[in-house]
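Student: You'll find work11.txt just under this line, and it carries compact mmCIF, C-alpha atoms.
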```txt
# COMPACT_ATOMS: atom_id res chain seq x y z
CA MET A 1 -6.57 -69.30 -38.91
CA GLU A 2 -9.38 -67.56 -37.09
CA SER A 3 -12.96 -68.42 -37.85
CA SER A 4 -15.24 -65.96 -39.58
CA ASN A 5 -17.22 -65.88 -36.36
CA ASP A 6 -14.20 -64.52 -34.43
CA LEU A 7 -13.86 -61.66 -36.89
CA THR A 8 -17.54 -60.93 -36.43
CA TYR A 9 -16.94 -60.26 -32.73
CA TRP A 10 -14.18 -57.82 -33.63
CA PHE A 11 -16.43 -55.88 -35.99
CA TRP A 12 -19.16 -55.93 -33.37
CA ILE A 13 -17.01 -54.59 -30.52
CA ASP A 14 -15.35 -52.00 -32.76
CA SER A 15 -18.80 -50.65 -33.67
CA ILE A 16 -19.72 -49.64 -30.13
CA LYS A 17 -19.51 -45.86 -29.97
CA GLY A 18 -17.33 -44.55 -27.16
CA LEU A 19 -15.73 -47.88 -26.35
CA GLY A 20 -12.45 -47.23 -28.15
CA PRO A 21 -9.16 -49.13 -28.25
CA LEU A 22 -8.20 -48.65 -24.60
CA ARG A 23 -11.51 -49.95 -23.23
CA ILE A 24 -11.52 -52.83 -25.71
CA LYS A 25 -8.06 -53.83 -24.49
CA ARG A 26 -9.28 -53.58 -20.89
CA LEU A 27 -12.23 -55.86 -21.70
CA LEU A 28 -9.90 -58.37 -23.35
CA LEU A 29 -7.71 -58.35 -20.25
CA LEU A 30 -10.67 -58.74 -17.88
CA PHE A 31 -12.25 -61.55 -19.87
CA ARG A 32 -9.14 -63.50 -20.89
CA ASN A 33 -9.19 -62.45 -24.54
CA ASP A 34 -12.64 -63.95 -25.04
CA LEU A 35 -14.92 -61.57 -26.94
CA ARG A 36 -17.71 -64.15 -26.89
CA HIS A 37 -17.80 -63.81 -23.12
CA VAL A 38 -17.83 -60.02 -23.41
CA PHE A 39 -20.74 -60.28 -25.86
CA GLU A 40 -22.75 -62.27 -23.30
CA LEU A 41 -22.50 -59.60 -20.59
CA THR A 42 -25.69 -57.97 -19.40
CA ARG A 43 -26.15 -54.20 -19.23
CA ASP A 44 -25.53 -54.23 -15.46
CA GLN A 45 -22.41 -56.34 -15.88
CA ILE A 46 -20.94 -54.06 -18.53
CA LEU A 47 -21.80 -50.99 -16.43
CA SER A 48 -19.89 -52.45 -13.49
CA ILE A 49 -16.64 -52.16 -15.45
CA LYS A 50 -14.55 -49.07 -14.77
CA GLY A 51 -14.77 -46.55 -17.61
CA ILE A 52 -18.09 -47.78 -19.00
CA ASP A 53 -20.92 -45.27 -18.77
CA ASP A 54 -24.64 -45.46 -19.61
CA LYS A 55 -24.14 -44.32 -23.18
CA ILE A 56 -21.54 -47.01 -23.91
CA ALA A 57 -23.65 -49.63 -22.12
CA ASP A 58 -26.67 -48.67 -24.22
CA GLY A 59 -24.60 -48.95 -27.40
CA PHE A 60 -23.31 -52.30 -26.19
CA ILE A 61 -26.84 -53.68 -25.65
CA ASP A 62 -28.33 -52.04 -28.76
CA SER A 63 -25.68 -53.60 -31.02
CA LYS A 64 -26.28 -57.21 -29.96
CA PRO A 65 -29.45 -57.84 -32.03
CA ARG A 66 -27.52 -56.84 -35.16
CA PHE A 67 -24.85 -59.51 -34.69
CA ASP A 68 -25.84 -61.34 -37.88
CA GLN A 69 -25.32 -58.12 -39.81
CA PHE A 70 -21.82 -57.84 -38.35
CA ALA A 71 -21.19 -61.40 -39.53
CA ALA A 72 -22.12 -60.38 -43.08
CA VAL A 73 -19.90 -57.29 -42.89
CA ALA A 74 -16.99 -59.35 -41.51
CA ALA A 75 -17.32 -61.93 -44.30
CA ARG A 76 -17.48 -59.22 -46.96
CA GLN A 77 -14.52 -57.28 -45.57
CA ARG A 78 -12.45 -60.46 -45.34
CA GLU A 79 -13.32 -61.27 -48.96
CA LEU A 80 -12.34 -57.77 -50.11
CA ALA A 81 -9.08 -57.89 -48.17
CA GLU A 82 -8.19 -61.27 -49.63
CA LYS A 83 -9.01 -60.13 -53.18
CA ALA A 84 -6.60 -57.23 -52.65
CA GLY A 85 -3.91 -59.67 -51.48
CA GLY A 86 -4.26 -58.67 -47.85
CA ARG A 87 -5.89 -59.72 -44.66
CA MET A 88 -7.31 -58.32 -41.48
CA LEU A 89 -5.52 -58.44 -38.15
CA HIS A 90 -6.87 -57.79 -34.67
CA TYR A 91 -5.23 -57.31 -31.29
CA LEU A 92 -4.89 -61.04 -30.64
CA ASP A 93 -3.22 -61.88 -33.96
CA THR A 94 0.46 -62.67 -33.58
CA ASP A 95 1.19 -60.53 -36.66
CA TYR A 96 -0.43 -57.41 -35.20
CA PRO A 97 2.48 -54.92 -34.84
CA GLN A 98 3.59 -54.86 -31.21
CA GLN A 99 4.50 -51.15 -31.23
CA LEU A 100 1.02 -50.31 -32.45
CA LEU A 101 -0.54 -52.70 -29.96
CA SER A 102 1.28 -50.98 -27.10
CA THR A 103 -0.22 -47.59 -27.95
CA THR A 104 -3.58 -46.42 -26.68
CA ALA A 105 -4.82 -45.71 -30.20
CA GLY A 106 -4.00 -48.82 -32.25
CA PRO A 107 -7.12 -49.81 -34.18
CA PRO A 108 -8.80 -53.06 -33.11
CA ILE A 109 -8.96 -54.17 -36.76
CA LEU A 110 -6.01 -53.52 -39.02
CA TYR A 111 -5.99 -54.24 -42.75
CA ALA A 112 -2.59 -55.46 -43.89
CA ARG A 113 -1.04 -56.54 -47.15
CA GLY A 114 2.46 -57.72 -47.86
CA ASP A 115 5.14 -59.75 -46.14
CA MET A 116 3.97 -59.84 -42.54
CA GLU A 117 7.13 -61.65 -41.48
CA HIS A 118 8.93 -58.39 -42.07
CA PHE A 119 6.21 -55.97 -41.02
CA PHE A 120 8.39 -52.94 -40.60
CA LEU A 121 6.34 -51.05 -38.01
CA ASP A 122 8.07 -53.21 -35.41
CA GLN A 123 11.52 -52.41 -36.74
CA PRO A 124 13.69 -49.75 -35.08
CA ARG A 125 14.51 -48.02 -38.38
CA THR A 126 11.06 -46.95 -39.50
CA ILE A 127 10.08 -43.37 -40.22
CA ALA A 128 6.86 -41.72 -41.32
CA ILE A 129 6.78 -39.00 -43.97
CA VAL A 130 3.37 -37.37 -44.33
CA GLY A 131 2.14 -34.00 -45.47
CA THR A 132 -0.20 -31.98 -47.55
CA ARG A 133 -2.00 -33.33 -50.59
CA ARG A 134 -1.17 -30.12 -52.45
CA PRO A 135 2.51 -29.42 -51.86
CA THR A 136 4.60 -26.94 -53.78
CA GLN A 137 6.92 -28.45 -56.36
CA ALA A 138 9.80 -27.88 -53.95
CA GLY A 139 7.93 -29.65 -51.14
CA LEU A 140 7.24 -32.63 -53.36
CA GLN A 141 10.89 -32.83 -54.39
CA VAL A 142 12.01 -32.70 -50.75
CA SER A 143 9.58 -35.51 -49.87
CA GLU A 144 10.86 -37.76 -52.65
CA ARG A 145 14.52 -36.98 -52.02
CA LEU A 146 14.30 -37.41 -48.25
CA ALA A 147 12.53 -40.75 -48.60
CA SER A 148 15.07 -41.89 -51.18
CA LEU A 149 18.05 -40.97 -48.98
CA LEU A 150 16.56 -42.60 -45.89
CA ALA A 151 15.61 -45.76 -47.82
CA GLN A 152 19.18 -46.04 -49.11
CA LYS A 153 20.33 -46.00 -45.47
CA GLY A 154 18.01 -48.90 -44.62
CA TRP A 155 15.03 -47.01 -43.24
CA ALA A 156 11.52 -48.26 -43.99
CA ILE A 157 9.30 -45.38 -45.11
CA VAL A 158 5.74 -45.18 -43.78
CA SER A 159 3.21 -42.89 -45.40
CA GLY A 160 -0.45 -42.61 -46.20
CA LEU A 161 -0.54 -43.21 -49.95
CA ALA A 162 -2.47 -39.97 -50.41
CA GLU A 163 -1.66 -37.55 -53.23
CA GLY A 164 1.11 -35.07 -52.65
CA VAL A 165 3.81 -35.49 -50.01
CA ASP A 166 2.73 -39.03 -49.06
CA ALA A 167 2.84 -40.30 -52.65
CA GLY A 168 6.16 -38.51 -53.16
CA ALA A 169 7.63 -40.33 -50.16
CA HIS A 170 6.54 -43.70 -51.55
CA ARG A 171 7.91 -42.85 -55.01
CA GLY A 172 11.26 -41.78 -53.59
CA CYS A 173 11.52 -44.95 -51.54
CA LEU A 174 10.51 -47.25 -54.38
CA ALA A 175 12.92 -45.54 -56.79
CA VAL A 176 15.80 -47.01 -54.77
CA ASN A 177 14.06 -50.34 -54.06
CA GLY A 178 13.46 -49.36 -50.45
CA ARG A 179 10.95 -50.82 -48.03
CA THR A 180 7.72 -48.88 -47.80
CA ILE A 181 4.54 -49.22 -45.77
CA GLU A 182 1.29 -47.58 -46.73
CA VAL A 183 -1.04 -46.71 -43.89
CA ILE A 184 -4.47 -45.95 -45.24
CA GLY A 185 -6.74 -44.06 -42.90
CA ASN A 186 -10.22 -45.43 -42.48
CA ASP A 187 -12.86 -45.95 -39.87
CA ALA A 188 -12.98 -49.70 -39.52
CA ALA A 189 -15.91 -49.41 -37.15
CA VAL A 190 -18.99 -50.34 -39.09
CA SER A 191 -22.48 -49.28 -38.13
CA VAL A 192 -25.14 -51.75 -39.19
```
The structure given in the file should be rewritten as structure tokens.
Tutor:
Amino acid sequence: MESSNDLTYWFWIDSIKGLGPLRIKRLLLLFRNDLRHVFELTRDQILSIKGIDDKIADGFIDSKPRFDQFAAVAARQRELAEKAGGRMLHYLDTDYPQQLLSTTAGPPILYARGDMEHFFLDQPRTIAIVGTRRPTQAGLQVSERLASLLAQKGWAIVSGLAEGVDAGAHRGCLAVNGRTIEVIGNDAAVSV
């Protein structure tokens, strides 16, 4: 189990405007997955890294004095996730979905709930059904029916849990006891 301090580093690095998932992964690679070492870099050291400009370097340096605030945010977010029956994953967690990790846009911090042993994003038979929050009645019926048919064939249904098409997809999947994953959009980066 990671320490609360480790999670603090993840909230800290995710807060740096312009850094983004690809640059964070590059920093992890350069510094052997040690965010503490990244935190200790000077402005000149961070600027010497390919893809880091003055604006990112300034954000990097400006965020350091607020590290204790990131610790409080990390502790609170962990508490909220646990109360909801979930947890937070980051790139170095073994449960972080490998397909998502291999993309350039996978979030550094992922909130997850459910049976992580069977986290279906890494399964070959996973499909996303998403759409408008205000579908026609026919659109809603298609969403539910399609999800139901696919779930009966063993597909895991991924959707956003929003009203409309997304909720219809989850309902259709659950109606046949299918496997469903809800992906809730948020900006995990916290400004403190």
Student: Hey, can you check how far atom CA of A:Pro135 sits from atom CA of A:Ala84?
Tutor: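 Atom CA of A:Ala84 lies at a distance of 29.3 Å from atom CA of A:Pro135.
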Student: Expressed in Å to a single decimal, how great is the separation between atom CA of A:Val38 and atom CA of A:Leu22?
Tutor: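 If I compute the distance from atom CA of A:Val38 to atom CA of A:Leu22, I get 14.9 Å.
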Student: Restricting the calculation to only C-alpha atoms, which member of A:Leu7, A:Ala112, A:Ile127, A:Ala169 is positioned closest to A:Gly139?
Tutor: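 For A:Gly139, the nearest of the given residues is A:Ala169.
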Student: Env of A:Asp93: 12 Å cut, atoms = all atoms listed in the file, seq-sep filter 5 positions within chain, self excluded. Answer as a PyMOL selection string.
Tutor: chain A and resi 1-2+6-7+10+33+87-88+98+101+108-112+116
Student: Give me, please, the distance in Å between atom CA of A:Gly106 and atom CA of A:Tyr91, quoted to one decimal.
Tutor: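 According to the coordinates, atom CA of A:Gly106 and atom CA of A:Tyr91 are separated by 8.6 Å.
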Student: Quick one: residues within 12 Å of A:Ile16, all atoms listed in the file counted, chain neighbours fewer than 4 positions away excluded, as a list in words?
Tutor: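 The contact residues come out as Tyr9, Trp10, Phe11, Trp12, Gly20, Pro21, Arg23, Ile24, Phe39, Ile52, Lys55, Ile56, Ala57, Asp58, Gly59, Phe60, Ile61, Asp62, Ser63, Lys64, Arg66, Phe70, Pro108, Ala188, Ala189, Val190, Ser191 and Val192 of chain A.
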Student: Measuring atom to atom with all atoms listed in the file, identify which of A:Gln77, A:Leu41, A:Thr180, A:Gly154 is nearest to A:Ala128.
Tutor: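 Checking each of A:Gln77, A:Leu41, A:Thr180, A:Gly154 against A:Ala128, counting all atoms listed in the file, the winner is A:Thr180.
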Student: Between A:Gln99, A:Thr104, A:Thr8, A:Thr132, which is the closest to A:Ala72 once you count all atoms listed in the file?
Tutor: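 Looking only at the distances to A:Ala72, the closest residue turns out to be A:Thr8.
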Student: As an MDAnalysis selection string, please: the residues near A:Lys153 (cut-off 12 Å, all atoms listed in the file, same-chain neighbours under 2 positions excluded).
Tutor: chainID A and resid 125:127 146:151 155:157 173 176:179
Student: Reconstruct stretch 4-15 of chain A at the level of all heavy atoms, and format the result as a JSON list (two decimals), in the coordinates of the input.
Tutor:
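So the final result, stored in result36.json, reads:
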```json
[["chain", "number", "residue", "atom", "x", "y", "z"],
["A", 4, "SER", "N", -14.50, -67.15, -39.18],
["A", 4, "SER", "CA", -15.24, -65.96, -39.58],
["A", 4, "SER", "C", -16.01, -65.41, -38.40],
["A", 4, "SER", "O", -16.18, -64.21, -38.27],
["A", 4, "SER", "CB", -16.18, -66.31, -40.73],
["A", 4, "SER", "OG", -16.93, -65.19, -41.11],
["A", 5, "ASN", "N", -16.46, -66.30, -37.53],
["A", 5, "ASN", "CA", -17.22, -65.88, -36.36],
["A", 5, "ASN", "C", -16.36, -65.00, -35.44],
["A", 5, "ASN", "O", -16.84, -64.03, -34.88],
["A", 5, "ASN", "CB", -17.72, -67.12, -35.61],
["A", 5, "ASN", "CG", -18.93, -66.81, -34.76],
["A", 5, "ASN", "OD1", -19.73, -65.96, -35.11],
["A", 5, "ASN", "ND2", -19.05, -67.50, -33.67],
["A", 6, "ASP", "N", -15.08, -65.34, -35.26],
["A", 6, "ASP", "CA", -14.20, -64.52, -34.43],
["A", 6, "ASP", "C", -14.11, -63.10, -34.98],
["A", 6, "ASP", "O", -14.16, -62.13, -34.22],
["A", 6, "ASP", "CB", -12.80, -65.13, -34.37],
["A", 6, "ASP", "CG", -12.74, -66.41, -33.56],
["A", 6, "ASP", "OD1", -13.64, -66.65, -32.74],
["A", 6, "ASP", "OD2", -11.78, -67.15, -33.76],
["A", 7, "LEU", "N", -13.95, -62.97, -36.27],
["A", 7, "LEU", "CA", -13.86, -61.66, -36.89],
["A", 7, "LEU", "C", -15.16, -60.88, -36.69],
["A", 7, "LEU", "O", -15.15, -59.67, -36.51],
["A", 7, "LEU", "CB", -13.53, -61.80, -38.37],
["A", 7, "LEU", "CG", -13.09, -60.55, -39.10],
["A", 7, "LEU", "CD1", -11.89, -59.90, -38.42],
["A", 7, "LEU", "CD2", -12.76, -60.87, -40.54],
["A", 8, "THR", "N", -16.26, -61.57, -36.67],
["A", 8, "THR", "CA", -17.54, -60.93, -36.43],
["A", 8, "THR", "C", -17.54, -60.23, -35.07],
["A", 8, "THR", "O", -18.00, -59.09, -34.95],
["A", 8, "THR", "CB", -18.69, -61.96, -36.48],
["A", 8, "THR", "OG1", -18.69, -62.57, -37.76],
["A", 8, "THR", "CG2", -20.03, -61.30, -36.23],
["A", 9, "TYR", "N", -17.01, -60.88, -34.05],
["A", 9, "TYR", "CA", -16.94, -60.26, -32.73],
["A", 9, "TYR", "C", -16.09, -59.00, -32.75],
["A", 9, "TYR", "O", -16.38, -58.03, -32.05],
["A", 9, "TYR", "CB", -16.41, -61.25, -31.69],
["A", 9, "TYR", "CG", -17.43, -62.28, -31.28],
["A", 9, "TYR", "CD1", -17.43, -63.54, -31.85],
["A", 9, "TYR", "CD2", -18.41, -61.98, -30.34],
["A", 9, "TYR", "CE1", -18.37, -64.49, -31.49],
["A", 9, "TYR", "CE2", -19.36, -62.91, -29.97],
["A", 9, "TYR", "CZ", -19.34, -64.17, -30.54],
["A", 9, "TYR", "OH", -20.28, -65.09, -30.18],
["A", 10, "TRP", "N", -15.03, -59.00, -33.55],
["A", 10, "TRP", "CA", -14.18, -57.82, -33.63],
["A", 10, "TRP", "C", -14.91, -56.66, -34.30],
["A", 10, "TRP", "O", -14.79, -55.51, -33.86],
["A", 10, "TRP", "CB", -12.87, -58.16, -34.35],
["A", 10, "TRP", "CG", -11.97, -58.95, -33.46],
["A", 10, "TRP", "CD1", -11.85, -60.31, -33.43],
["A", 10, "TRP", "CD2", -11.15, -58.44, -32.42],
["A", 10, "TRP", "NE1", -10.98, -60.67, -32.43],
["A", 10, "TRP", "CE2", -10.53, -59.54, -31.81],
["A", 10, "TRP", "CE3", -10.86, -57.16, -31.96],
["A", 10, "TRP", "CZ2", -9.65, -59.40, -30.74],
["A", 10, "TRP", "CZ3", -9.98, -57.01, -30.91],
["A", 10, "TRP", "CH2", -9.38, -58.13, -30.31],
["A", 11, "PHE", "N", -15.65, -56.95, -35.36],
["A", 11, "PHE", "CA", -16.43, -55.88, -35.99],
["A", 11, "PHE", "C", -17.52, -55.39, -35.04],
["A", 11, "PHE", "O", -17.81, -54.20, -34.97],
["A", 11, "PHE", "CB", -17.04, -56.34, -37.32],
["A", 11, "PHE", "CG", -16.10, -56.16, -38.47],
["A", 11, "PHE", "CD1", -15.26, -57.18, -38.87],
["A", 11, "PHE", "CD2", -16.05, -54.95, -39.15],
["A", 11, "PHE", "CE1", -14.38, -57.01, -39.92],
["A", 11, "PHE", "CE2", -15.17, -54.77, -40.21],
["A", 11, "PHE", "CZ", -14.34, -55.80, -40.59],
["A", 12, "TRP", "N", -18.12, -56.31, -34.32],
["A", 12, "TRP", "CA", -19.16, -55.93, -33.37],
["A", 12, "TRP", "C", -18.60, -54.99, -32.30],
["A", 12, "TRP", "O", -19.12, -53.90, -32.09],
["A", 12, "TRP", "CB", -19.77, -57.18, -32.72],
["A", 12, "TRP", "CG", -20.52, -56.85, -31.47],
["A", 12, "TRP", "CD1", -21.73, -56.23, -31.38],
["A", 12, "TRP", "CD2", -20.08, -57.08, -30.13],
["A", 12, "TRP", "NE1", -22.08, -56.06, -30.06],
["A", 12, "TRP", "CE2", -21.07, -56.58, -29.27],
["A", 12, "TRP", "CE3", -18.95, -57.66, -29.57],
["A", 12, "TRP", "CZ2", -20.97, -56.64, -27.88],
["A", 12, "TRP", "CZ3", -18.84, -57.72, -28.20],
["A", 12, "TRP", "CH2", -19.84, -57.21, -27.37],
["A", 13, "ILE", "N", -17.51, -55.39, -31.64],
["A", 13, "ILE", "CA", -17.01, -54.59, -30.52],
["A", 13, "ILE", "C", -16.45, -53.25, -31.00],
["A", 13, "ILE", "O", -16.56, -52.24, -30.33],
["A", 13, "ILE", "CB", -16.00, -55.37, -29.66],
["A", 13, "ILE", "CG1", -15.89, -54.68, -28.29],
["A", 13, "ILE", "CG2", -14.64, -55.49, -30.34],
["A", 13, "ILE", "CD1", -15.52, -55.59, -27.18],
["A", 14, "ASP", "N", -15.89, -53.25, -32.21],
["A", 14, "ASP", "CA", -15.35, -52.00, -32.76],
["A", 14, "ASP", "C", -16.46, -51.02, -33.15],
["A", 14, "ASP", "O", -16.21, -49.84, -33.32],
["A", 14, "ASP", "CB", -14.45, -52.31, -33.96],
["A", 14, "ASP", "CG", -13.59, -51.14, -34.37],
["A", 14, "ASP", "OD1", -13.22, -50.34, -33.49],
["A", 14, "ASP", "OD2", -13.29, -51.02, -35.56],
["A", 15, "SER", "N", -17.69, -51.51, -33.27],
["A", 15, "SER", "CA", -18.80, -50.65, -33.67],
["A", 15, "SER", "C", -19.40, -49.87, -32.50],
["A", 15, "SER", "O", -20.14, -48.92, -32.71],
["A", 15, "SER", "CB", -19.91, -51.48, -34.31],
["A", 15, "SER", "OG", -20.65, -52.17, -33.32]]
```
